[in-house]
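Shown here: data_11.pdb, PDB, C-alpha atoms.
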```
ATOM      1  CA  MET I   1      54.668  23.820 -55.779
ATOM      2  CA  THR I   2      54.006  23.766 -52.043
ATOM      3  CA  ASN I   3      50.787  24.987 -50.489
ATOM      4  CA  ASN I   4      52.582  28.011 -49.002
ATOM      5  CA  LEU I   5      53.786  29.117 -52.441
ATOM      6  CA  ILE I   6      50.330  28.575 -53.907
ATOM      7  CA  TYR I   7      48.751  30.595 -51.089
ATOM      8  CA  GLN I   8      51.317  33.369 -51.625
ATOM      9  CA  GLU I   9      50.464  33.558 -55.331
ATOM     10  CA  ILE I  10      46.735  33.687 -54.543
ATOM     11  CA  GLY I  11      47.433  36.364 -51.935
ATOM     12  CA  LYS I  12      49.365  38.473 -54.455
ATOM     13  CA  ARG I  13      46.479  38.372 -56.908
ATOM     14  CA  ILE I  14      43.960  39.307 -54.212
ATOM     15  CA  ARG I  15      46.237  42.134 -53.038
ATOM     16  CA  GLU I  16      46.394  43.364 -56.638
ATOM     17  CA  LEU I  17      42.595  43.410 -56.809
ATOM     18  CA  ARG I  18      42.370  45.441 -53.593
ATOM     19  CA  GLY I  19      44.411  48.241 -55.174
ATOM     20  CA  ASN I  20      44.608  51.307 -52.925
ATOM     21  CA  GLU I  21      41.678  50.372 -50.725
ATOM     22  CA  ARG I  22      42.460  49.693 -47.083
ATOM     23  CA  GLN I  23      42.129  46.168 -45.732
ATOM     24  CA  LYS I  24      39.862  47.557 -43.025
ATOM     25  CA  ASP I  25      37.446  48.928 -45.651
ATOM     26  CA  TRP I  26      37.455  45.666 -47.577
ATOM     27  CA  ALA I  27      36.837  43.715 -44.382
ATOM     28  CA  SER I  28      33.660  45.661 -43.641
ATOM     29  CA  LYS I  29      32.418  45.278 -47.236
ATOM     30  CA  ILE I  30      33.168  41.545 -47.440
ATOM     31  CA  GLY I  31      32.177  40.731 -43.880
ATOM     32  CA  CYS I  32      35.433  39.409 -42.496
ATOM     33  CA  ASP I  33      38.240  40.513 -40.218
ATOM     34  CA  GLN I  34      41.029  42.816 -41.437
ATOM     35  CA  GLY I  35      43.580  40.391 -39.996
ATOM     36  CA  TYR I  36      42.137  37.590 -42.126
ATOM     37  CA  ILE I  37      42.639  39.667 -45.283
ATOM     38  CA  SER I  38      46.233  40.290 -44.226
ATOM     39  CA  GLN I  39      46.819  36.570 -43.677
ATOM     40  CA  VAL I  40      45.352  35.701 -47.088
ATOM     41  CA  GLU I  41      47.319  38.413 -48.898
ATOM     42  CA  ASN I  42      50.555  37.283 -47.229
ATOM     43  CA  GLY I  43      49.941  33.619 -48.059
ATOM     44  CA  VAL I  44      49.641  32.584 -44.412
ATOM     45  CA  THR I  45      46.222  31.024 -44.864
ATOM     46  CA  LYS I  46      44.107  29.848 -47.763
ATOM     47  CA  PRO I  47      41.065  31.968 -48.577
ATOM     48  CA  SER I  48      37.638  30.555 -47.780
ATOM     49  CA  LEU I  49      35.013  30.177 -50.477
ATOM     50  CA  SER I  50      32.851  32.868 -48.844
ATOM     51  CA  PHE I  51      35.838  35.249 -48.854
ATOM     52  CA  LEU I  52      36.552  34.516 -52.531
ATOM     53  CA  LYS I  53      32.877  35.126 -53.375
ATOM     54  CA  GLY I  54      32.994  38.406 -51.454
ATOM     55  CA  VAL I  55      36.107  39.549 -53.323
ATOM     56  CA  SER I  56      34.557  38.477 -56.620
ATOM     57  CA  ASN I  57      31.355  40.435 -55.945
ATOM     58  CA  LEU I  58      33.307  43.464 -54.751
ATOM     59  CA  THR I  59      35.770  43.578 -57.656
ATOM     60  CA  ASN I  60      33.832  41.794 -60.404
ATOM     61  CA  SER I  61      36.776  39.422 -60.715
ATOM     62  CA  SER I  62      36.921  35.732 -61.512
ATOM     63  CA  ILE I  63      37.442  33.288 -58.648
ATOM     64  CA  ASP I  64      39.253  31.013 -61.101
ATOM     65  CA  TRP I  65      41.701  33.824 -61.893
ATOM     66  CA  MET I  66      42.228  34.537 -58.190
ATOM     67  CA  LEU I  67      43.061  30.886 -57.525
ATOM     68  CA  THR I  68      45.071  30.021 -60.631
ATOM     69  CA  GLY I  69      46.055  33.241 -62.396
ATOM     70  CA  ARG I  70      44.624  31.743 -65.590
ATOM     71  CA  GLY I  71      41.570  32.662 -67.627
ATOM     72  CA  ASP I  72      39.720  35.940 -67.680
ATOM     73  CA  ARG I  73      40.470  38.186 -64.737
ATOM     74  CA  TRP I  74      37.119  39.980 -64.911
ATOM     75  CA  CYS I  75      33.748  38.297 -64.771
ATOM     76  CA  GLY I  76      31.664  40.873 -66.573
ATOM     77  CA  PHE I  77      28.473  42.311 -65.189
ATOM     78  CA  LYS I  78      26.408  39.275 -66.163
ATOM     79  CA  SER I  79      27.900  37.427 -63.178
ATOM     80  CA  TYR I  80      26.975  40.113 -60.655
ATOM     81  CA  SER I  81      24.876  38.925 -57.787
ATOM     82  CA  ALA I  82      23.626  41.392 -55.222
ATOM     83  CA  PRO I  83      24.794  40.804 -51.656
ATOM     84  CA  THR I  84      22.245  39.276 -49.299
ATOM     85  CA  GLY I  85      19.842  41.887 -47.956
ATOM     86  CA  ASP I  86      20.595  44.331 -50.776
ATOM     87  CA  ASP I  87      17.553  46.475 -51.442
ATOM     88  CA  THR I  88      18.968  48.444 -54.390
ATOM     89  CA  ILE I  89      16.159  47.518 -56.787
ATOM     90  CA  GLN I  90      13.535  48.459 -54.213
ATOM     91  CA  LYS I  91      15.246  51.826 -53.611
ATOM     92  CA  LEU I  92      15.172  52.510 -57.343
ATOM     93  CA  LYS I  93      11.491  51.568 -57.510
ATOM     94  CA  ASP I  94      10.696  53.791 -54.510
ATOM     95  CA  ASN I  95      12.587  56.775 -55.928
ATOM     96  CA  PRO I  96      11.919  57.199 -59.657
ATOM     97  CA  LYS I  97      14.273  60.201 -59.740
ATOM     98  CA  LEU I  98      17.216  57.861 -59.098
ATOM     99  CA  LEU I  99      16.079  55.486 -61.817
ATOM    100  CA  LEU I 100      15.653  58.382 -64.252
ATOM    101  CA  ALA I 101      19.166  59.600 -63.432
ATOM    102  CA  VAL I 102      20.641  56.179 -64.260
ATOM    103  CA  ASP I 103      18.510  56.041 -67.408
ATOM    104  CA  LYS I 104      19.760  59.497 -68.436
ATOM    105  CA  LEU I 105      23.383  58.390 -68.039
ATOM    106  CA  LEU I 106      22.762  55.216 -70.032
ATOM    107  CA  ARG I 107      21.185  57.222 -72.866
ATOM    108  CA  MET I 108      24.325  59.390 -72.994
ATOM    109  CA  LYS I 109      26.128  56.333 -74.378
ATOM    110  CA  ASP I 110      29.941  56.441 -73.863
ATOM    111  CA  THR I 111      29.958  59.556 -71.672
ATOM    112  CA  GLY I 112      27.232  58.283 -69.380
ATOM    113  CA  MET I 113      28.751  54.819 -69.190
ATOM    114  CA  GLY I 114      32.084  56.446 -68.341
ATOM    115  CA  VAL I 115      30.452  58.296 -65.457
ATOM    116  CA  LEU I 116      28.829  55.115 -64.127
ATOM    117  CA  GLU I 117      32.102  53.173 -64.443
ATOM    118  CA  ALA I 118      33.949  55.981 -62.639
ATOM    119  CA  PHE I 119      31.470  55.727 -59.759
ATOM    120  CA  TYR I 120      31.912  51.962 -59.703
ATOM    121  CA  ASP I 121      35.689  52.381 -59.393
ATOM    122  CA  MET I 122      35.497  54.985 -56.596
ATOM    123  CA  ASP I 123      35.714  54.049 -52.958
ATOM    124  CA  GLU I 124      33.057  55.392 -50.593
ATOM    125  CA  LEU I 125      35.291  58.159 -49.226
ATOM    126  CA  ARG I 126      35.835  59.613 -52.702
ATOM    127  CA  ILE I 127      32.111  59.450 -53.463
ATOM    128  CA  GLU I 128      31.356  61.279 -50.195
ATOM    129  CA  GLY I 129      33.910  63.950 -51.141
ATOM    130  CA  LEU I 130      32.308  64.337 -54.565
ATOM    131  CA  ALA I 131      28.842  64.572 -52.987
ATOM    132  CA  GLU I 132      30.061  67.308 -50.679
ATOM    133  CA  PHE I 133      31.717  69.132 -53.598
ATOM    134  CA  ILE I 134      28.507  69.220 -55.671
ATOM    135  CA  GLY I 135      26.333  70.062 -52.668
ATOM    136  CA  ALA I 136      24.503  66.747 -52.516
ATOM    137  CA  LYS I 137      25.534  65.991 -48.965
TER     138      LYS I 137
END
```
Whole structure, structure tokens version:
Amino acid sequence: MTNNLIYQEIGKRIRELRGNERQKDWASKIGCDQGYISQVENGVTKPSLSFLKGVSNLTNSSIDWMLTGRGDRWCGFKSYSAPTGDDTIQKLKDNPKLLLAVDKLLRMKDTGMGVLEAFYDMDELRIEGLAEFIGAK
């Protein structure tokens, strides 16, 4: 298989992971240019390691799967690593109400986990719309 065909297959898998999100939104989350994402998805260029790590962190997907199409597609939460400069833990420590809200959802077992997973799957625009709907914005 030629490099171009390999790159096209990798690009298809990455495009599949992006789902309905816009390339522009992904670019800002991963820290790359929208044009670069387009080139990778169309098999024009090979993805860099930093790009693959960014996609993996964003989608919780396996880099091995992205490159080969083999193995487990999803990494599982144990492989999550917070992006550089992420102060999520500190925000939770500084605002116990947020931590208690997460704890409450976790204690609700399947229902609470379903809510957390739904938030994980939402893009920022949908979350903002939900916040406005419930009066939290």
Neighbour residues at most 10 Å from (44.8, 41.2, -53.1) (only C-alpha atoms) as number ranges by chain
I: 9-19, 21, 23, 37-38, 40-42, 55, 66
Enter the distance from atom CA of I:Gln34 to atom CA of I:Gly71, in Å, rounded to one decimal.
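Value for the atom CA of I:Gln34-atom CA of I:Gly71 distance: 28.1 Å.
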Sort by chain and increasing residue number a table of all residues of stretch 17-111 of chain I within 10 Å of stretch 118-126 of chain I, each with its closest pair of atoms and their distance in Å to one decimal, counting only C-alpha atoms, and write it as CSV.
```
residue,atom,partner,partner_atom,distance
I:Asn20,CA,I:Asp123,CA,9.3
I:Glu21,CA,I:Asp123,CA,7.4
I:Arg22,CA,I:Asp123,CA,9.9
I:Asp25,CA,I:Asp123,CA,9.1
I:Leu58,CA,I:Tyr120,CA,9.9
I:Thr59,CA,I:Asp121,CA,9.0
```
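Closest approach to I:Gly69 from the set I:Ile6, I:Leu98, I:Met113, I:Ala136 is made by I:Ile6, with distances taken over all atoms listed in the file.
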Work out how far apart atom CA of I:Leu52 and atom CA of I:Cys32 are and give it in Å to one decimal.
11.2 Å
Using only C-alpha atoms for the distances, tell me which of I:Val115, I:Ile134, I:Ala27, I:Ala101 is nearest to I:Gly54.
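Checking each of I:Val115, I:Ile134, I:Ala27, I:Ala101 against I:Gly54, counting only C-alpha atoms, the winner is I:Ala27.
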Output as JSON the centre and edge lengths (Å, one decimal) of the box along x, y and z of the file that holds every listed atom of stretch 60-78 of chain I after adding 5 Å on each side.
```
{"center_x": 36.2, "center_y": 36.2, "center_z": -62.6, "size_x": 29.6, "size_y": 22.3, "size_z": 20.2}
```
Need to verify the contact set: I:Arg73, 7 Å, only C-alpha atoms, exclusion of same-chain residues closer than 3 positions in sequence. Can you return it as a compact mmCIF listing (two decimals) with C-alpha atoms, keeping the file's coordinate frame?
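Contents of the output file result-v1.txt:
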```
# COMPACT_ATOMS: atom_id res chain seq x y z
CA SER I 61 36.78 39.42 -60.72
CA SER I 62 36.92 35.73 -61.51
CA TRP I 65 41.70 33.82 -61.89
```
Within 12 Å of I:Tyr36, counting only C-alpha atoms, which residues show up once you throw out same-chain ones fewer than 6 positions away? Write them as number ranges by chain, please.
I: 11, 23-24, 26-28, 30, 42-48, 51
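Here atom CA of I:Gln39 stands at a distance of 28.9 Å from atom CA of I:Ile127.
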What would stretch 45-63 of chain I look like with N, CA and C atoms in place, written as a CSV table (one decimal), in the frame of the given file?
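What follows is the written file selection_7.csv:
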```
chain,number,residue,atom,x,y,z
I,45,THR,N,47.4,31.9,-44.9
I,45,THR,CA,46.2,31.0,-44.9
I,45,THR,C,45.5,31.0,-46.2
I,46,LYS,N,44.8,29.9,-46.5
I,46,LYS,CA,44.1,29.8,-47.8
I,46,LYS,C,42.8,30.6,-47.6
I,47,PRO,N,42.3,31.2,-48.7
I,47,PRO,CA,41.1,32.0,-48.6
I,47,PRO,C,39.9,31.0,-48.6
I,48,SER,N,38.9,31.4,-47.8
I,48,SER,CA,37.6,30.6,-47.8
I,48,SER,C,36.8,30.9,-49.0
I,49,LEU,N,35.9,30.0,-49.3
I,49,LEU,CA,35.0,30.2,-50.5
I,49,LEU,C,34.2,31.4,-50.3
I,50,SER,N,33.7,31.7,-49.1
I,50,SER,CA,32.9,32.9,-48.8
I,50,SER,C,33.7,34.1,-49.0
I,51,PHE,N,35.0,34.1,-48.6
I,51,PHE,CA,35.8,35.2,-48.9
I,51,PHE,C,36.1,35.5,-50.3
I,52,LEU,N,36.3,34.4,-51.1
I,52,LEU,CA,36.6,34.5,-52.5
I,52,LEU,C,35.3,35.1,-53.2
I,53,LYS,N,34.1,34.6,-52.8
I,53,LYS,CA,32.9,35.1,-53.4
I,53,LYS,C,32.7,36.6,-53.1
I,54,GLY,N,33.1,37.0,-51.8
I,54,GLY,CA,33.0,38.4,-51.5
I,54,GLY,C,33.9,39.3,-52.3
I,55,VAL,N,35.2,38.8,-52.5
I,55,VAL,CA,36.1,39.5,-53.3
I,55,VAL,C,35.6,39.6,-54.8
I,56,SER,N,35.1,38.5,-55.3
I,56,SER,CA,34.6,38.5,-56.6
I,56,SER,C,33.4,39.5,-56.8
I,57,ASN,N,32.5,39.5,-55.9
I,57,ASN,CA,31.4,40.4,-55.9
I,57,ASN,C,31.8,41.9,-55.8
I,58,LEU,N,32.8,42.1,-55.0
I,58,LEU,CA,33.3,43.5,-54.8
I,58,LEU,C,34.1,44.0,-55.9
I,59,THR,N,34.9,43.1,-56.6
I,59,THR,CA,35.8,43.6,-57.7
I,59,THR,C,35.3,43.1,-59.1
I,60,ASN,N,34.3,42.3,-59.1
I,60,ASN,CA,33.8,41.8,-60.4
I,60,ASN,C,34.9,40.9,-61.1
I,61,SER,N,35.7,40.2,-60.2
I,61,SER,CA,36.8,39.4,-60.7
I,61,SER,C,36.4,37.9,-60.6
I,62,SER,N,37.2,37.2,-61.4
I,62,SER,CA,36.9,35.7,-61.5
I,62,SER,C,37.6,35.0,-60.4
I,63,ILE,N,36.9,34.1,-59.7
I,63,ILE,CA,37.4,33.3,-58.6
I,63,ILE,C,38.5,32.4,-59.2
```
